[in-house]
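Report on the following structure.
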Amino acid sequence: MEKGFILWFTGLSGAGKTTISKIVAEKLEKRGCKVEILDGDIVRENLSKGLTFSKEDRDINIRRIGFVAHLLSRNGVVGITAAISPYKAVRNEIREMYENFIEVYINAPLEVCEQRDVKGLYAKARAGEIQNFTGIDDPYEPPDNPEITCCTDKENLDESVAHVISSLEKLGYLT
Ligand code: ADP
């Protein structure tokens with residue numbers, strides 16, 4: 001059996017966190033890992049229902065996700081998180097607090113994410129229909145030293161997934 005760890009995806013909306021994390025989860029399961037995905041949108045519907053997108057509430061949301069990912073990882077499960085997690089300080093807080101934390105920066109320029117507009121949210125944010133939208137009128141602070149980076153404007157999905165898996169092997173989390 002493989003050991004548990006926290007695979008922490010961060011990046012703008014539409015960068016590819018959900019898409020990559022799902023395929024990575026499938027690959028890990030095929031290799032005998034137990035995996036659970038804590039997707040940002042799903043967590044906000046359940047664990048964090050009622051929280052806003054203020055900095056304070058975003059930080060609360062991220063601490064909750066970090067705590068659950070920690071519970072999973074210490075029990076031998078790969079806790080994959082796929083939330084924007086825009087603030088560096090709280091990501092680093094999670095990194096300091098819990099063992100086996102691997103940060104995966106899903107990097108795509110804002111223009112590319114906005115062009116994709118997977119959920120139509122960028123158009124709404126530009127039209128002023130939603131506020132505090134990351135990248136438009138709310139900050140995104142990229143990680144300084146992520147263990148893994150995927151540039152999804154330059155790689156296709158297969159390449160990004162392969163890069164995550166091979167990085168986990170190099171880091172010693174997969175045999
Ligand atoms: P997020 O979860 O970060 O908000 P999504 O995964 O929902 O982003 O959307 C990412 C979009 O980008 C999808 O439509 C996906 O098909 C596309 N895409 C293009 N290249 C890649 C890549 N290398 N990795 C992941 N997604 C990609």
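Letters A, B, ... go to the chains of the structure tokens in the order shown; residues in each chain start at 1; ligands are counted from 1 in the same order.
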
Using only C-alpha atoms, determine which residues lie at most 12 Å from stretch 129-132 of chain A, disregarding the query and same-chain residues fewer than 2 positions distant; provide the list as a PDB file with N, CA, C and O atoms, in the first residue's frame.
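File written: part-v6.pdb
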ATOM      1  N   THR A  52     -18.610  33.254   2.634  1.00  0.00           N
ATOM      2  CA  THR A  52     -18.539  34.190   1.506  1.00  0.00           C
ATOM      3  C   THR A  52     -17.160  34.077   0.841  1.00  0.00           C
ATOM      4  O   THR A  52     -16.379  33.178   1.162  1.00  0.00           O
ATOM      5  N   PHE A  53     -16.880  35.026  -0.050  1.00  0.00           N
ATOM      6  CA  PHE A  53     -15.575  35.049  -0.709  1.00  0.00           C
ATOM      7  C   PHE A  53     -14.699  36.191  -0.177  1.00  0.00           C
ATOM      8  O   PHE A  53     -13.772  36.631  -0.849  1.00  0.00           O
ATOM      9  N   SER A  54     -15.015  36.648   1.048  1.00  0.00           N
ATOM     10  CA  SER A  54     -14.125  37.623   1.695  1.00  0.00           C
ATOM     11  C   SER A  54     -12.827  36.912   2.034  1.00  0.00           C
ATOM     12  O   SER A  54     -12.775  35.674   2.084  1.00  0.00           O
ATOM     13  N   LYS A  55     -11.767  37.694   2.286  1.00  0.00           N
ATOM     14  CA  LYS A  55     -10.481  37.067   2.621  1.00  0.00           C
ATOM     15  C   LYS A  55     -10.633  36.194   3.864  1.00  0.00           C
ATOM     16  O   LYS A  55     -10.132  35.069   3.909  1.00  0.00           O
ATOM     17  N   ASP A  57     -13.283  34.634   5.116  1.00  0.00           N
ATOM     18  CA  ASP A  57     -14.018  33.390   4.862  1.00  0.00           C
ATOM     19  C   ASP A  57     -13.238  32.457   3.946  1.00  0.00           C
ATOM     20  O   ASP A  57     -13.289  31.228   4.099  1.00  0.00           O
ATOM     21  N   ARG A  58     -12.511  33.006   2.984  1.00  0.00           N
ATOM     22  CA  ARG A  58     -11.678  32.158   2.121  1.00  0.00           C
ATOM     23  C   ARG A  58     -10.646  31.425   2.972  1.00  0.00           C
ATOM     24  O   ARG A  58     -10.382  30.249   2.770  1.00  0.00           O
ATOM     25  N   PRO A  86      -6.292  31.200  -3.040  1.00  0.00           N
ATOM     26  CA  PRO A  86      -5.525  32.307  -3.616  1.00  0.00           C
ATOM     27  C   PRO A  86      -4.448  32.893  -2.704  1.00  0.00           C
ATOM     28  O   PRO A  86      -3.526  33.527  -3.212  1.00  0.00           O
ATOM     29  N   GLY A 120     -18.520  30.206 -17.115  1.00  0.00           N
ATOM     30  CA  GLY A 120     -19.161  31.488 -17.453  1.00  0.00           C
ATOM     31  C   GLY A 120     -19.016  32.546 -16.374  1.00  0.00           C
ATOM     32  O   GLY A 120     -19.687  33.575 -16.392  1.00  0.00           O
ATOM     33  N   LEU A 121     -18.111  32.287 -15.410  1.00  0.00           N
ATOM     34  CA  LEU A 121     -18.007  33.198 -14.264  1.00  0.00           C
ATOM     35  C   LEU A 121     -17.198  34.447 -14.569  1.00  0.00           C
ATOM     36  O   LEU A 121     -17.454  35.515 -14.003  1.00  0.00           O
ATOM     37  N   TYR A 122     -16.206  34.317 -15.476  1.00  0.00           N
ATOM     38  CA  TYR A 122     -15.407  35.507 -15.820  1.00  0.00           C
ATOM     39  C   TYR A 122     -16.301  36.561 -16.488  1.00  0.00           C
ATOM     40  O   TYR A 122     -16.196  37.753 -16.186  1.00  0.00           O
ATOM     41  N   ALA A 123     -17.177  36.112 -17.374  1.00  0.00           N
ATOM     42  CA  ALA A 123     -18.086  37.053 -18.052  1.00  0.00           C
ATOM     43  C   ALA A 123     -18.958  37.761 -17.020  1.00  0.00           C
ATOM     44  O   ALA A 123     -19.150  38.979 -17.082  1.00  0.00           O
ATOM     45  N   LYS A 124     -19.441  36.985 -16.050  1.00  0.00           N
ATOM     46  CA  LYS A 124     -20.281  37.579 -14.998  1.00  0.00           C
ATOM     47  C   LYS A 124     -19.491  38.575 -14.157  1.00  0.00           C
ATOM     48  O   LYS A 124     -19.999  39.635 -13.790  1.00  0.00           O
ATOM     49  N   ALA A 125     -18.230  38.200 -13.843  1.00  0.00           N
ATOM     50  CA  ALA A 125     -17.392  39.093 -13.036  1.00  0.00           C
ATOM     51  C   ALA A 125     -17.107  40.384 -13.807  1.00  0.00           C
ATOM     52  O   ALA A 125     -17.184  41.482 -13.244  1.00  0.00           O
ATOM     53  N   ARG A 126     -16.802  40.266 -15.100  1.00  0.00           N
ATOM     54  CA  ARG A 126     -16.537  41.456 -15.922  1.00  0.00           C
ATOM     55  C   ARG A 126     -17.768  42.342 -16.027  1.00  0.00           C
ATOM     56  O   ARG A 126     -17.663  43.563 -16.114  1.00  0.00           O
ATOM     57  N   ALA A 127     -18.947  41.704 -16.033  1.00  0.00           N
ATOM     58  CA  ALA A 127     -20.193  42.469 -16.141  1.00  0.00           C
ATOM     59  C   ALA A 127     -20.624  43.040 -14.786  1.00  0.00           C
ATOM     60  O   ALA A 127     -21.645  43.717 -14.688  1.00  0.00           O
ATOM     61  N   THR A 134     -11.666  35.984  -8.135  1.00  0.00           N
ATOM     62  CA  THR A 134     -10.200  35.870  -8.187  1.00  0.00           C
ATOM     63  C   THR A 134      -9.674  36.154  -9.586  1.00  0.00           C
ATOM     64  O   THR A 134     -10.162  35.583 -10.561  1.00  0.00           O
ATOM     65  N   GLY A 135      -8.695  37.052  -9.653  1.00  0.00           N
ATOM     66  CA  GLY A 135      -8.088  37.397 -10.948  1.00  0.00           C
ATOM     67  C   GLY A 135      -8.707  38.641 -11.553  1.00  0.00           C
ATOM     68  O   GLY A 135      -8.071  39.321 -12.360  1.00  0.00           O
ATOM     69  N   ILE A 136      -9.964  38.935 -11.183  1.00  0.00           N
ATOM     70  CA  ILE A 136     -10.637  40.112 -11.738  1.00  0.00           C
ATOM     71  C   ILE A 136     -10.640  41.241 -10.706  1.00  0.00           C
ATOM     72  O   ILE A 136     -10.016  42.273 -10.922  1.00  0.00           O
ATOM     73  N   ASP A 137     -11.326  41.029  -9.599  1.00  0.00           N
ATOM     74  CA  ASP A 137     -11.316  42.063  -8.558  1.00  0.00           C
ATOM     75  C   ASP A 137     -10.977  41.462  -7.199  1.00  0.00           C
ATOM     76  O   ASP A 137     -11.434  41.929  -6.169  1.00  0.00           O
ATOM     77  N   ASP A 138     -10.191  40.413  -7.229  1.00  0.00           N
ATOM     78  CA  ASP A 138      -9.697  39.775  -6.007  1.00  0.00           C
ATOM     79  C   ASP A 138      -8.331  39.178  -6.358  1.00  0.00           C
ATOM     80  O   ASP A 138      -8.118  38.763  -7.492  1.00  0.00           O
ATOM     81  N   PRO A 139      -7.417  39.159  -5.390  1.00  0.00           N
ATOM     82  CA  PRO A 139      -6.039  38.742  -5.737  1.00  0.00           C
ATOM     83  C   PRO A 139      -5.851  37.239  -5.899  1.00  0.00           C
ATOM     84  O   PRO A 139      -6.615  36.452  -5.334  1.00  0.00           O
ATOM     85  N   TYR A 140      -4.841  36.865  -6.678  1.00  0.00           N
ATOM     86  CA  TYR A 140      -4.317  35.501  -6.658  1.00  0.00           C
ATOM     87  C   TYR A 140      -2.810  35.593  -6.437  1.00  0.00           C
ATOM     88  O   TYR A 140      -2.112  36.233  -7.221  1.00  0.00           O
TER      89      TYR A 140
END

Long-range neighbours of A:Phe67 as an MDAnalysis selection string, 9 Å cut-off, only C-alpha atoms, 4 positions minimum in chain: chainID A and resid 62:63 71:72 94 98

Once you have the residues from the selection above, write them out as a PDB file, in the first residue's frame, restricted to all heavy atoms.
ATOM      1  N   ILE A  62     -10.179  27.391   3.490  1.00  0.00           N
ATOM      2  CA  ILE A  62      -8.929  26.689   3.184  1.00  0.00           C
ATOM      3  C   ILE A  62      -8.408  25.925   4.404  1.00  0.00           C
ATOM      4  O   ILE A  62      -7.918  24.801   4.290  1.00  0.00           O
ATOM      5  CB  ILE A  62      -7.868  27.690   2.649  1.00  0.00           C
ATOM      6  CG1 ILE A  62      -8.307  28.242   1.281  1.00  0.00           C
ATOM      7  CG2 ILE A  62      -6.487  27.062   2.558  1.00  0.00           C
ATOM      8  CD1 ILE A  62      -8.694  27.204   0.257  1.00  0.00           C
ATOM      9  N   ARG A  63      -8.561  26.517   5.586  1.00  0.00           N
ATOM     10  CA  ARG A  63      -8.126  25.797   6.805  1.00  0.00           C
ATOM     11  C   ARG A  63      -8.958  24.532   7.001  1.00  0.00           C
ATOM     12  O   ARG A  63      -8.434  23.493   7.406  1.00  0.00           O
ATOM     13  CB  ARG A  63      -8.242  26.697   8.039  1.00  0.00           C
ATOM     14  CG  ARG A  63      -7.183  27.772   8.056  1.00  0.00           C
ATOM     15  CD  ARG A  63      -7.079  28.467   9.407  1.00  0.00           C
ATOM     16  NE  ARG A  63      -6.147  29.576   9.287  1.00  0.00           N
ATOM     17  CZ  ARG A  63      -6.518  30.854   9.142  1.00  0.00           C
ATOM     18  NH1 ARG A  63      -7.791  31.197   9.159  1.00  0.00           N
ATOM     19  NH2 ARG A  63      -5.597  31.788   8.993  1.00  0.00           N
ATOM     20  N   LEU A  71      -6.530  14.760   7.931  1.00  0.00           N
ATOM     21  CA  LEU A  71      -7.146  13.558   8.516  1.00  0.00           C
ATOM     22  C   LEU A  71      -7.045  12.394   7.538  1.00  0.00           C
ATOM     23  O   LEU A  71      -6.748  11.261   7.915  1.00  0.00           O
ATOM     24  CB  LEU A  71      -8.619  13.806   8.863  1.00  0.00           C
ATOM     25  CG  LEU A  71      -8.916  14.848   9.940  1.00  0.00           C
ATOM     26  CD1 LEU A  71     -10.427  14.926  10.195  1.00  0.00           C
ATOM     27  CD2 LEU A  71      -8.193  14.521  11.239  1.00  0.00           C
ATOM     28  N   LEU A  72      -7.305  12.691   6.255  1.00  0.00           N
ATOM     29  CA  LEU A  72      -7.243  11.635   5.239  1.00  0.00           C
ATOM     30  C   LEU A  72      -5.809  11.121   5.108  1.00  0.00           C
ATOM     31  O   LEU A  72      -5.568   9.911   5.164  1.00  0.00           O
ATOM     32  CB  LEU A  72      -7.726  12.177   3.893  1.00  0.00           C
ATOM     33  CG  LEU A  72      -9.220  12.506   3.807  1.00  0.00           C
ATOM     34  CD1 LEU A  72      -9.505  13.326   2.560  1.00  0.00           C
ATOM     35  CD2 LEU A  72     -10.059  11.227   3.806  1.00  0.00           C
ATOM     36  N   ILE A  94      -0.800  25.800   6.140  1.00  0.00           N
ATOM     37  CA  ILE A  94      -1.160  24.373   6.009  1.00  0.00           C
ATOM     38  C   ILE A  94       0.124  23.551   5.808  1.00  0.00           C
ATOM     39  O   ILE A  94       0.302  22.495   6.413  1.00  0.00           O
ATOM     40  CB  ILE A  94      -2.093  24.151   4.793  1.00  0.00           C
ATOM     41  CG1 ILE A  94      -3.264  25.121   4.798  1.00  0.00           C
ATOM     42  CG2 ILE A  94      -2.528  22.684   4.670  1.00  0.00           C
ATOM     43  CD1 ILE A  94      -4.445  24.783   5.581  1.00  0.00           C
ATOM     44  N   TYR A  98       1.020  20.511   8.598  1.00  0.00           N
ATOM     45  CA  TYR A  98       0.787  19.099   8.314  1.00  0.00           C
ATOM     46  C   TYR A  98       1.938  18.483   7.522  1.00  0.00           C
ATOM     47  O   TYR A  98       2.580  19.157   6.723  1.00  0.00           O
ATOM     48  CB  TYR A  98      -0.517  18.929   7.526  1.00  0.00           C
ATOM     49  CG  TYR A  98      -1.710  19.560   8.200  1.00  0.00           C
ATOM     50  CD1 TYR A  98      -2.501  20.475   7.514  1.00  0.00           C
ATOM     51  CD2 TYR A  98      -2.042  19.248   9.524  1.00  0.00           C
ATOM     52  CE1 TYR A  98      -3.606  21.067   8.131  1.00  0.00           C
ATOM     53  CE2 TYR A  98      -3.143  19.844  10.140  1.00  0.00           C
ATOM     54  CZ  TYR A  98      -3.915  20.741   9.441  1.00  0.00           C
ATOM     55  OH  TYR A  98      -4.995  21.332  10.045  1.00  0.00           O
TER      56      TYR A  98
END

Write down as a ChimeraX atom specification the residues belonging to stretch 10-145 of chain A that are assigned helix (DSSP H, G or I) by DSSP computed on the backbone. /A:17-30,40-45,55-74,88-97,110-116,121-126

Choose the residue, out of A:Val78, A:Asn145, A:Glu56, A:Ser48, that has the smallest atom-to-atom separation from A:Glu36; count only C-alpha atoms. A:Val78

Nearby residues, ligand 1, 9 Å, only C-alpha atoms and all ligand atoms, as an MDAnalysis selection string: chainID A and resid 9:22 39:41 82:84 106 108 112:113 116:119 150:161

With a distance cut-off of 9 Å and only C-alpha atoms, select the neighbouring residues of A:Pro146, excluding the residue or stretch itself and same-chain residues fewer than 6 positions from it, and output the selection as a list in words. Ile102, Glu103, Val104 and Tyr105 of chain A

Could the residues in this selection be written to a file with all heavy atoms, as a compact mmCIF listing (two decimals), in the first residue's frame?
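Written output follows (out.txt):
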# COMPACT_ATOMS: atom_id res chain seq x y z
N ILE A 102 2.17 18.52 -0.56
CA ILE A 102 2.75 18.75 -1.89
C ILE A 102 1.89 19.77 -2.62
O ILE A 102 0.72 19.53 -2.88
CB ILE A 102 2.79 17.44 -2.70
CG1 ILE A 102 3.52 16.35 -1.91
CG2 ILE A 102 3.45 17.65 -4.06
CD1 ILE A 102 3.01 14.97 -2.22
N GLU A 103 2.51 20.90 -2.95
CA GLU A 103 1.76 21.97 -3.61
C GLU A 103 1.90 21.84 -5.14
O GLU A 103 3.01 21.73 -5.66
CB GLU A 103 2.30 23.33 -3.14
CG GLU A 103 1.40 24.49 -3.44
CD GLU A 103 1.89 25.76 -2.72
OE1 GLU A 103 3.11 25.93 -2.50
OE2 GLU A 103 1.03 26.60 -2.38
N VAL A 104 0.76 21.83 -5.81
CA VAL A 104 0.75 21.71 -7.27
C VAL A 104 0.16 22.99 -7.85
O VAL A 104 -1.04 23.25 -7.71
CB VAL A 104 -0.10 20.51 -7.74
CG1 VAL A 104 0.07 20.30 -9.24
CG2 VAL A 104 0.27 19.24 -6.99
N TYR A 105 1.02 23.78 -8.46
CA TYR A 105 0.57 25.05 -9.03
C TYR A 105 0.08 24.81 -10.45
O TYR A 105 0.85 24.45 -11.33
CB TYR A 105 1.72 26.06 -9.00
CG TYR A 105 1.41 27.42 -9.60
CD1 TYR A 105 0.12 27.94 -9.61
CD2 TYR A 105 2.43 28.19 -10.14
CE1 TYR A 105 -0.15 29.18 -10.14
CE2 TYR A 105 2.17 29.44 -10.67
CZ TYR A 105 0.88 29.93 -10.67
OH TYR A 105 0.62 31.17 -11.21

Do you know which residues are at most 9 Å from A:His70 counting only C-alpha atoms, after dropping those on the same chain fewer than 5 positions away, and could you put them as a ChimeraX atom specification? /A:5-6,65,75,79,98-101

Put those residues in a file: all heavy atoms, as a PDB file, in the first residue's frame.
ATOM      1  N   PHE A   5      -0.747  11.249   1.515  1.00  0.00           N
ATOM      2  CA  PHE A   5      -0.151  12.590   1.430  1.00  0.00           C
ATOM      3  C   PHE A   5      -1.230  13.580   1.015  1.00  0.00           C
ATOM      4  O   PHE A   5      -2.350  13.179   0.671  1.00  0.00           O
ATOM      5  CB  PHE A   5       1.054  12.613   0.475  1.00  0.00           C
ATOM      6  CG  PHE A   5       0.814  12.047  -0.907  1.00  0.00           C
ATOM      7  CD1 PHE A   5       0.348  12.848  -1.932  1.00  0.00           C
ATOM      8  CD2 PHE A   5       1.071  10.696  -1.182  1.00  0.00           C
ATOM      9  CE1 PHE A   5       0.148  12.320  -3.203  1.00  0.00           C
ATOM     10  CE2 PHE A   5       0.876  10.160  -2.456  1.00  0.00           C
ATOM     11  CZ  PHE A   5       0.401  10.987  -3.469  1.00  0.00           C
ATOM     12  N   ILE A   6      -0.872  14.851   1.093  1.00  0.00           N
ATOM     13  CA  ILE A   6      -1.803  15.919   0.691  1.00  0.00           C
ATOM     14  C   ILE A   6      -1.321  16.484  -0.642  1.00  0.00           C
ATOM     15  O   ILE A   6      -0.197  16.981  -0.730  1.00  0.00           O
ATOM     16  CB  ILE A   6      -1.845  17.055   1.747  1.00  0.00           C
ATOM     17  CG1 ILE A   6      -2.307  16.514   3.105  1.00  0.00           C
ATOM     18  CG2 ILE A   6      -2.742  18.204   1.268  1.00  0.00           C
ATOM     19  CD1 ILE A   6      -2.191  17.538   4.255  1.00  0.00           C
ATOM     20  N   ILE A  65     -10.400  22.756   4.623  1.00  0.00           N
ATOM     21  CA  ILE A  65      -9.965  21.793   3.602  1.00  0.00           C
ATOM     22  C   ILE A  65      -8.639  21.166   4.025  1.00  0.00           C
ATOM     23  O   ILE A  65      -8.447  19.957   3.907  1.00  0.00           O
ATOM     24  CB  ILE A  65      -9.844  22.478   2.217  1.00  0.00           C
ATOM     25  CG1 ILE A  65     -11.218  22.924   1.717  1.00  0.00           C
ATOM     26  CG2 ILE A  65      -9.183  21.546   1.208  1.00  0.00           C
ATOM     27  CD1 ILE A  65     -11.186  23.733   0.425  1.00  0.00           C
ATOM     28  N   ASN A  75      -4.285   8.791   7.553  1.00  0.00           N
ATOM     29  CA  ASN A  75      -4.875   7.457   7.526  1.00  0.00           C
ATOM     30  C   ASN A  75      -4.583   6.722   6.228  1.00  0.00           C
ATOM     31  O   ASN A  75      -5.312   5.803   5.844  1.00  0.00           O
ATOM     32  CB  ASN A  75      -6.379   7.547   7.780  1.00  0.00           C
ATOM     33  CG  ASN A  75      -6.668   7.767   9.264  1.00  0.00           C
ATOM     34  OD1 ASN A  75      -6.489   6.855  10.066  1.00  0.00           O
ATOM     35  ND2 ASN A  75      -7.047   8.967   9.629  1.00  0.00           N
ATOM     36  N   GLY A  79      -5.147  12.792   0.022  1.00  0.00           N
ATOM     37  CA  GLY A  79      -6.140  13.865   0.064  1.00  0.00           C
ATOM     38  C   GLY A  79      -5.792  14.885  -0.999  1.00  0.00           C
ATOM     39  O   GLY A  79      -4.810  15.603  -0.881  1.00  0.00           O
ATOM     40  N   TYR A  98       1.020  20.511   8.598  1.00  0.00           N
ATOM     41  CA  TYR A  98       0.787  19.099   8.314  1.00  0.00           C
ATOM     42  C   TYR A  98       1.938  18.483   7.522  1.00  0.00           C
ATOM     43  O   TYR A  98       2.580  19.157   6.723  1.00  0.00           O
ATOM     44  CB  TYR A  98      -0.517  18.929   7.526  1.00  0.00           C
ATOM     45  CG  TYR A  98      -1.710  19.560   8.200  1.00  0.00           C
ATOM     46  CD1 TYR A  98      -2.501  20.475   7.514  1.00  0.00           C
ATOM     47  CD2 TYR A  98      -2.042  19.248   9.524  1.00  0.00           C
ATOM     48  CE1 TYR A  98      -3.606  21.067   8.131  1.00  0.00           C
ATOM     49  CE2 TYR A  98      -3.143  19.844  10.140  1.00  0.00           C
ATOM     50  CZ  TYR A  98      -3.915  20.741   9.441  1.00  0.00           C
ATOM     51  OH  TYR A  98      -4.995  21.332  10.045  1.00  0.00           O
ATOM     52  N   GLU A  99       2.127  17.201   7.736  1.00  0.00           N
ATOM     53  CA  GLU A  99       3.203  16.483   7.023  1.00  0.00           C
ATOM     54  C   GLU A  99       2.772  16.122   5.612  1.00  0.00           C
ATOM     55  O   GLU A  99       1.591  16.054   5.301  1.00  0.00           O
ATOM     56  CB  GLU A  99       3.534  15.198   7.786  1.00  0.00           C
ATOM     57  CG  GLU A  99       4.223  15.472   9.106  1.00  0.00           C
ATOM     58  CD  GLU A  99       4.580  14.195   9.843  1.00  0.00           C
ATOM     59  OE1 GLU A  99       4.249  13.096   9.358  1.00  0.00           O
ATOM     60  OE2 GLU A  99       5.180  14.332  10.912  1.00  0.00           O
ATOM     61  N   ASN A 100       3.773  15.825   4.792  1.00  0.00           N
ATOM     62  CA  ASN A 100       3.533  15.284   3.441  1.00  0.00           C
ATOM     63  C   ASN A 100       2.611  16.161   2.599  1.00  0.00           C
ATOM     64  O   ASN A 100       1.636  15.702   2.015  1.00  0.00           O
ATOM     65  CB  ASN A 100       2.970  13.858   3.542  1.00  0.00           C
ATOM     66  CG  ASN A 100       3.906  12.946   4.312  1.00  0.00           C
ATOM     67  OD1 ASN A 100       5.115  12.988   4.100  1.00  0.00           O
ATOM     68  ND2 ASN A 100       3.357  12.151   5.208  1.00  0.00           N
ATOM     69  N   PHE A 101       2.944  17.445   2.590  1.00  0.00           N
ATOM     70  CA  PHE A 101       2.169  18.444   1.837  1.00  0.00           C
ATOM     71  C   PHE A 101       2.885  18.724   0.516  1.00  0.00           C
ATOM     72  O   PHE A 101       4.053  19.085   0.493  1.00  0.00           O
ATOM     73  CB  PHE A 101       2.072  19.711   2.681  1.00  0.00           C
ATOM     74  CG  PHE A 101       1.390  20.871   1.997  1.00  0.00           C
ATOM     75  CD1 PHE A 101       0.018  21.056   2.118  1.00  0.00           C
ATOM     76  CD2 PHE A 101       2.125  21.784   1.251  1.00  0.00           C
ATOM     77  CE1 PHE A 101      -0.612  22.140   1.501  1.00  0.00           C
ATOM     78  CE2 PHE A 101       1.500  22.865   0.626  1.00  0.00           C
ATOM     79  CZ  PHE A 101       0.143  23.038   0.767  1.00  0.00           C
TER      80      PHE A 101
END

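Atom CA of A:Ile80 sits 22.6 Å away from atom CA of A:Gly50.
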
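Each of A:Val77, A:Met97, A:Leu47, A:Leu110 was checked against A:Ala25 using only C-alpha atoms; the smallest atom-to-atom distance is that of A:Val77.
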
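Atom CA of A:Phe133 is found 14.3 Å from atom CA of A:Glu111.
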
Give me the residues near A:Leu28 as a ChimeraX atom specification, where near means some atom within 12 Å (using only C-alpha atoms) and where sequence neighbours in that chain fewer than 2 positions away do not count. /A:1-5,7,21-26,30-37,77-80,161-162,164-166,168-169,173-175

Save out the residues we just selected, C-alpha atoms, as a PDB file, in the first residue's frame.
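Writing done, so here's result-v7.pdb:
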ATOM      1  CA  MET A   1       0.000   0.000   0.000  1.00  0.00           C
ATOM      2  CA  GLU A   2       1.184   3.514  -0.836  1.00  0.00           C
ATOM      3  CA  LYS A   3       1.388   6.116   1.958  1.00  0.00           C
ATOM      4  CA  GLY A   4      -0.993   9.029   2.375  1.00  0.00           C
ATOM      5  CA  PHE A   5      -0.151  12.590   1.430  1.00  0.00           C
ATOM      6  CA  LEU A   7      -1.804  16.902  -2.969  1.00  0.00           C
ATOM      7  CA  SER A  21      -7.074  16.261 -10.229  1.00  0.00           C
ATOM      8  CA  LYS A  22      -9.780  13.849 -11.445  1.00  0.00           C
ATOM      9  CA  ILE A  23      -7.452  12.067 -13.852  1.00  0.00           C
ATOM     10  CA  VAL A  24      -4.581  12.061 -11.348  1.00  0.00           C
ATOM     11  CA  ALA A  25      -6.971  10.482  -8.814  1.00  0.00           C
ATOM     12  CA  GLU A  26      -7.880   7.722 -11.298  1.00  0.00           C
ATOM     13  CA  LYS A  30      -5.052   2.197 -10.398  1.00  0.00           C
ATOM     14  CA  ARG A  31      -1.735   2.079  -8.557  1.00  0.00           C
ATOM     15  CA  GLY A  32      -3.435   0.953  -5.353  1.00  0.00           C
ATOM     16  CA  CYS A  33      -3.779   4.297  -3.572  1.00  0.00           C
ATOM     17  CA  LYS A  34      -6.877   5.286  -1.667  1.00  0.00           C
ATOM     18  CA  VAL A  35      -7.847   8.749  -2.853  1.00  0.00           C
ATOM     19  CA  GLU A  36     -10.353  11.417  -1.923  1.00  0.00           C
ATOM     20  CA  ILE A  37     -10.825  14.687  -3.820  1.00  0.00           C
ATOM     21  CA  VAL A  77      -5.385   8.235   1.944  1.00  0.00           C
ATOM     22  CA  VAL A  78      -4.200  10.680  -0.715  1.00  0.00           C
ATOM     23  CA  GLY A  79      -6.140  13.865   0.064  1.00  0.00           C
ATOM     24  CA  ILE A  80      -6.356  15.836  -3.152  1.00  0.00           C
ATOM     25  CA  VAL A 161      -1.217  14.523 -15.611  1.00  0.00           C
ATOM     26  CA  ALA A 162       1.988  12.673 -16.572  1.00  0.00           C
ATOM     27  CA  VAL A 164       2.197  15.285 -11.755  1.00  0.00           C
ATOM     28  CA  ILE A 165       2.598  11.500 -11.571  1.00  0.00           C
ATOM     29  CA  SER A 166       6.285  11.484 -12.521  1.00  0.00           C
ATOM     30  CA  LEU A 168       5.317  12.245  -7.262  1.00  0.00           C
ATOM     31  CA  GLU A 169       7.612   9.356  -8.184  1.00  0.00           C
ATOM     32  CA  TYR A 173       5.597   9.466  -2.781  1.00  0.00           C
ATOM     33  CA  LEU A 174       4.972   6.761  -5.368  1.00  0.00           C
ATOM     34  CA  THR A 175       7.036   3.672  -5.999  1.00  0.00           C
TER      35      THR A 175
END
